[in-house]
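Structure file work.pdb; described as PDB, C-alpha atoms.
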MODEL        1
ATOM      1  CA  MET Z   1     158.440  38.491 261.039
ATOM      2  CA  ASN Z   2     161.719  38.386 263.013
ATOM      3  CA  LYS Z   3     160.552  35.314 264.940
ATOM      4  CA  THR Z   4     159.752  33.606 261.650
ATOM      5  CA  LEU Z   5     163.243  34.287 260.296
ATOM      6  CA  ILE Z   6     164.823  33.006 263.515
ATOM      7  CA  ALA Z   7     162.673  29.873 263.488
ATOM      8  CA  ALA Z   8     163.484  29.226 259.830
ATOM      9  CA  ALA Z   9     167.198  29.703 260.491
ATOM     10  CA  GLY Z  10     167.025  27.306 263.422
ATOM     11  CA  MET Z  11     165.267  24.658 261.379
ATOM     12  CA  ALA Z  12     167.755  25.037 258.542
ATOM     13  CA  ILE Z  13     170.682  24.709 260.935
ATOM     14  CA  ALA Z  14     169.151  21.614 262.497
ATOM     15  CA  VAL Z  15     168.718  20.060 259.036
ATOM     16  CA  THR Z  16     172.307  20.916 258.120
ATOM     17  CA  ALA Z  17     173.557  19.316 261.325
ATOM     18  CA  PHE Z  18     172.054  16.003 260.242
ATOM     19  CA  SER Z  19     172.886  16.247 256.562
ATOM     20  CA  GLY Z  20     176.588  16.822 257.212
ATOM     21  CA  ALA Z  21     177.202  19.644 254.738
ATOM     22  CA  ALA Z  22     175.769  22.864 253.425
ATOM     23  CA  LYS Z  23     176.095  23.041 249.647
ATOM     24  CA  ALA Z  24     176.644  26.424 248.036
ATOM     25  CA  ASP Z  25     179.239  27.238 245.371
ATOM     26  CA  HIS Z  26     179.357  30.907 246.396
ATOM     27  CA  LEU Z  27     179.929  30.159 250.114
ATOM     28  CA  ASN Z  28     182.221  27.819 252.021
ATOM     29  CA  ILE Z  29     183.716  27.451 255.481
ATOM     30  CA  ASP Z  30     186.313  24.689 255.919
ATOM     31  CA  VAL Z  31     184.976  23.343 259.223
ATOM     32  CA  LYS Z  32     186.559  19.900 258.833
ATOM     33  CA  ALA Z  33     190.003  21.340 259.538
ATOM     34  CA  ALA Z  34     188.916  23.953 262.129
ATOM     35  CA  THR Z  35     191.239  24.218 265.120
ATOM     36  CA  VAL Z  36     191.091  25.930 268.515
ATOM     37  CA  LYS Z  37     194.010  27.953 269.824
ATOM     38  CA  ASP Z  38     194.274  30.749 272.382
ATOM     39  CA  GLY Z  39     190.545  31.485 272.638
ATOM     40  CA  ALA Z  40     189.892  31.468 268.904
ATOM     41  CA  ILE Z  41     188.682  29.063 266.252
ATOM     42  CA  MET Z  42     190.747  29.043 263.054
ATOM     43  CA  PHE Z  43     189.226  28.026 259.731
ATOM     44  CA  PRO Z  44     191.804  27.240 257.014
ATOM     45  CA  SER Z  45     189.569  28.684 254.299
ATOM     46  CA  VAL Z  46     186.405  30.768 253.936
ATOM     47  CA  ARG Z  47     184.693  31.716 250.667
ATOM     48  CA  ILE Z  48     182.018  34.411 250.488
ATOM     49  CA  ASP Z  49     180.594  36.225 247.483
ATOM     50  CA  LYS Z  50     180.015  39.583 249.251
ATOM     51  CA  ASP Z  51     181.646  41.220 252.277
ATOM     52  CA  GLY Z  52     180.327  39.743 255.499
ATOM     53  CA  TYR Z  53     181.130  37.688 258.558
ATOM     54  CA  VAL Z  54     181.921  34.217 259.809
ATOM     55  CA  VAL Z  55     179.679  33.801 262.839
ATOM     56  CA  ILE Z  56     179.897  31.139 265.554
ATOM     57  CA  HIS Z  57     176.860  29.939 267.503
ATOM     58  CA  ALA Z  58     176.944  27.814 270.644
ATOM     59  CA  VAL Z  59     175.148  24.480 270.698
ATOM     60  CA  VAL Z  60     173.135  23.598 273.823
ATOM     61  CA  ASP Z  61     171.334  20.275 274.218
ATOM     62  CA  GLY Z  62     172.086  19.503 270.582
ATOM     63  CA  LYS Z  63     170.486  22.698 269.239
ATOM     64  CA  PRO Z  64     172.121  25.928 268.053
ATOM     65  CA  VAL Z  65     171.558  28.975 270.234
ATOM     66  CA  LEU Z  66     169.919  31.554 267.967
ATOM     67  CA  PRO Z  67     170.026  34.374 267.175
ATOM     68  CA  GLU Z  68     172.815  35.082 269.695
ATOM     69  CA  SER Z  69     176.367  34.402 268.584
ATOM     70  CA  ILE Z  70     179.467  33.728 270.652
ATOM     71  CA  GLY Z  71     181.963  35.038 268.108
ATOM     72  CA  HIS Z  72     182.270  36.620 264.692
ATOM     73  CA  THR Z  73     184.868  38.115 262.392
ATOM     74  CA  ALA Z  74     184.648  40.154 259.212
ATOM     75  CA  VAL Z  75     185.676  38.647 255.870
ATOM     76  CA  LYS Z  76     185.980  40.326 252.480
ATOM     77  CA  ALA Z  77     184.401  38.937 249.332
ATOM     78  CA  GLY Z  78     186.461  36.132 247.817
ATOM     79  CA  THR Z  79     188.444  33.330 249.431
ATOM     80  CA  THR Z  80     190.343  34.063 252.636
ATOM     81  CA  SER Z  81     192.867  31.749 254.304
ATOM     82  CA  ASN Z  82     193.391  31.272 258.045
ATOM     83  CA  VAL Z  83     190.263  33.025 259.296
ATOM     84  CA  MET Z  84     190.377  33.457 263.092
ATOM     85  CA  VAL Z  85     187.166  33.940 265.090
ATOM     86  CA  LYS Z  86     187.629  34.881 268.763
ATOM     87  CA  VAL Z  87     185.380  32.684 270.897
ATOM     88  CA  PRO Z  88     185.853  33.147 274.645
ATOM     89  CA  GLY Z  89     186.291  29.767 276.301
ATOM     90  CA  ALA Z  90     186.589  27.876 272.998
ATOM     91  CA  LYS Z  91     187.532  24.239 273.526
ATOM     92  CA  ALA Z  92     188.509  21.485 271.135
ATOM     93  CA  GLY Z  93     185.822  18.828 270.836
ATOM     94  CA  THR Z  94     182.975  21.224 271.627
ATOM     95  CA  ASP Z  95     179.997  21.434 269.274
ATOM     96  CA  TYR Z  96     179.545  24.735 267.417
ATOM     97  CA  VAL Z  97     177.693  26.047 264.372
ATOM     98  CA  ALA Z  98     179.498  28.268 261.848
ATOM     99  CA  MET Z  99     177.463  30.543 259.607
ATOM    100  CA  ILE Z 100     178.044  33.061 256.870
ATOM    101  CA  HIS Z 101     176.313  36.427 257.324
ATOM    102  CA  TYR Z 102     176.433  39.387 254.939
ATOM    103  CA  GLU Z 103     177.182  43.018 255.812
ATOM    104  CA  THR Z 104     173.836  44.526 254.773
ATOM    105  CA  ASN Z 105     173.617  47.940 256.409
ATOM    106  CA  GLY Z 106     177.002  49.374 255.404
ATOM    107  CA  ASN Z 107     178.367  50.121 258.866
ATOM    108  CA  ALA Z 108     181.120  47.444 258.940
ATOM    109  CA  THR Z 109     179.939  46.026 262.296
ATOM    110  CA  TYR Z 110     178.087  42.770 262.888
ATOM    111  CA  ASP Z 111     174.598  43.771 264.029
ATOM    112  CA  PHE Z 112     172.470  40.613 263.675
ATOM    113  CA  GLY Z 113     171.230  39.292 267.014
ATOM    114  CA  LYS Z 114     168.529  39.429 269.629
ATOM    115  CA  ALA Z 115     167.932  43.157 269.090
ATOM    116  CA  SER Z 116     167.644  42.901 265.300
ATOM    117  CA  THR Z 117     167.385  40.044 262.815
ATOM    118  CA  THR Z 118     166.785  42.247 259.776
ATOM    119  CA  VAL Z 119     170.379  43.422 259.222
ATOM    120  CA  ASP Z 120     173.598  41.504 258.504
ATOM    121  CA  THR Z 121     171.458  38.525 257.565
ATOM    122  CA  PRO Z 122     172.630  34.975 256.795
ATOM    123  CA  GLY Z 123     174.096  33.977 253.459
ATOM    124  CA  MET Z 124     171.754  31.561 251.731
ATOM    125  CA  LYS Z 125     172.201  28.248 249.958
ATOM    126  CA  PRO Z 126     170.535  27.646 246.571
ATOM    127  CA  ASP Z 127     167.530  26.101 248.382
ATOM    128  CA  ASN Z 128     167.027  29.436 250.207
ATOM    129  CA  THR Z 129     168.080  28.151 253.651
ATOM    130  CA  PRO Z 130     170.884  29.757 255.700
ATOM    131  CA  TYR Z 131     174.441  28.576 255.048
ATOM    132  CA  ALA Z 132     175.331  26.925 258.356
ATOM    133  CA  LEU Z 133     177.612  24.051 259.324
ATOM    134  CA  SER Z 134     177.781  22.092 262.566
ATOM    135  CA  PHE Z 135     181.293  21.152 263.600
ATOM    136  CA  LYS Z 136     183.697  20.220 266.393
ATOM    137  CA  ALA Z 137     187.004  22.050 266.285
ATOM    138  CA  ASN Z 138     190.221  20.071 266.847
TER
ENDMDL
END
Would you give me this structure, written as structure tokens?
Amino acid sequence: MNKTLIAAAGMAIAVTAFSGAAKADHLNIDVKAATVKDGAIMFPSVRIDKDGYVVIHAVVDGKPVLPESIGHTAVKAGTTSNVMVKVPGAKAGTDYVAMIHYETNGNATYDFGKASTTVDTPGMKPDNTPYALSFKAN
């Protein structure tokens, strides 16, 4: 089951990378104006309908590295300005994928990853694919 979720997430991210945008009224990450400064990526605005996380995935050979992430930060439900995600070695012009994940197990720590893909799961678009956006930070 976990491998299926990971594969589905990977396919959805790949589709999003080619489509240019992930449409969801309840979720948004302003990746067009993302900037890199002092080992962090700053997003001017993030919208999420439940408490969760902005998660950054590396891109290798044109594909997102899943389920491992290279950075994440907690965000509260609503719209938040100037969201900073620490990403060691972040560089302007590098390809990344930003995703929304929800806090699902009530412990206020981001737990989704190689060890478990059943908690802190991705936020979903109306078509039931993960909300994920490919981008290059400035």
Taking only residues of segment 64-131 of chain Z that have an atom at most 8 Å from an atom of segment 33-43 of chain Z, what is each one's shortest atom pair and its distance in Å to one decimal, using all atoms listed in the file, in chain and number order, as a Markdown table?
| residue | atom | partner | partner_atom | distance |
| --- | --- | --- | --- | --- |
| Z:Ser81 | CA | Z:Phe43 | CA | 7.5 |
| Z:Asn82 | CA | Z:Phe43 | CA | 5.5 |
| Z:Val83 | CA | Z:Phe43 | CA | 5.1 |
| Z:Met84 | CA | Z:Met42 | CA | 4.4 |
| Z:Val85 | CA | Z:Ile41 | CA | 5.2 |
| Z:Lys86 | CA | Z:Ala40 | CA | 4.1 |
| Z:Val87 | CA | Z:Ala40 | CA | 5.1 |
| Z:Pro88 | CA | Z:Gly39 | CA | 5.4 |
| Z:Gly89 | CA | Z:Gly39 | CA | 5.9 |
| Z:Ala90 | CA | Z:Gly39 | CA | 5.4 |
| Z:Lys91 | CA | Z:Val36 | CA | 6.4 |
| Z:Ala92 | CA | Z:Val36 | CA | 5.8 |
Include C-alpha atoms and write out the residues we just selected as a PDB file, keeping the file's coordinate frame.
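Done, and the output landed in out_26.pdb:
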ATOM      1  CA  SER Z  81     192.867  31.749 254.304  1.00  0.00           C
ATOM      2  CA  ASN Z  82     193.391  31.272 258.045  1.00  0.00           C
ATOM      3  CA  VAL Z  83     190.263  33.025 259.296  1.00  0.00           C
ATOM      4  CA  MET Z  84     190.377  33.457 263.092  1.00  0.00           C
ATOM      5  CA  VAL Z  85     187.166  33.940 265.090  1.00  0.00           C
ATOM      6  CA  LYS Z  86     187.629  34.881 268.763  1.00  0.00           C
ATOM      7  CA  VAL Z  87     185.380  32.684 270.897  1.00  0.00           C
ATOM      8  CA  PRO Z  88     185.853  33.147 274.645  1.00  0.00           C
ATOM      9  CA  GLY Z  89     186.291  29.767 276.301  1.00  0.00           C
ATOM     10  CA  ALA Z  90     186.589  27.876 272.998  1.00  0.00           C
ATOM     11  CA  LYS Z  91     187.532  24.239 273.526  1.00  0.00           C
ATOM     12  CA  ALA Z  92     188.509  21.485 271.135  1.00  0.00           C
TER      13      ALA Z  92
END
Identify, on the basis of all atoms listed in the file, every residue whose closest approach to Ala58 of chain Z does not exceed 7 Å; exclude the query and any residue fewer than 3 positions from it along the same chain; express the result as a list of chain:residue names.
Z:Pro64, Z:Val65, Z:Ser69, Z:Ile70, Z:Tyr96, Z:Val97
For Val54 of chain Z, work out the shell of residues within 9 Å, counting all atoms listed in the file and skipping chain neighbours fewer than 6 positions away, then give it as a count of residues only.
14
Nearest to Gly62 of chain Z: which of Z:Thr79, Z:Ser45, Z:Thr121, Z:Thr94 is it, counting all atoms listed in the file?
Z:Thr94
If you apply the PyMOL selection byres ((chain Z and resi 78) around 6) to this file, what residues do you get, as a list in words?
Arg47, Ile48, Asp49, Ala77 and Thr79 of chain Z
Expected file contents, prior selection, C-alpha atoms, as an mmCIF file, in the coordinates of the input:
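Just written: part_37.cif:
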data_model
loop_
_atom_site.group_PDB
_atom_site.id
_atom_site.type_symbol
_atom_site.label_atom_id
_atom_site.label_comp_id
_atom_site.auth_asym_id
_atom_site.auth_seq_id
_atom_site.Cartn_x
_atom_site.Cartn_y
_atom_site.Cartn_z
ATOM 1 C CA ARG Z 47 184.693 31.716 250.667
ATOM 2 C CA ILE Z 48 182.018 34.411 250.488
ATOM 3 C CA ASP Z 49 180.594 36.225 247.483
ATOM 4 C CA ALA Z 77 184.401 38.937 249.332
ATOM 5 C CA THR Z 79 188.444 33.330 249.431
#
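The two atoms in question, atom CA of Tyr110 of chain Z and atom CA of Asp127 of chain Z, are spaced 24.5 Å apart.
Among the candidates Z:Val60, Z:Ala24, Z:Val55, Z:Ala108, the residue lying nearest to Met124 of chain Z is Z:Ala24 (atoms considered: only C-alpha atoms).
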Work out how far atom CA of Asn138 of chain Z is from atom CA of Lys125 of chain Z, in Å to one decimal.
26.0 Å
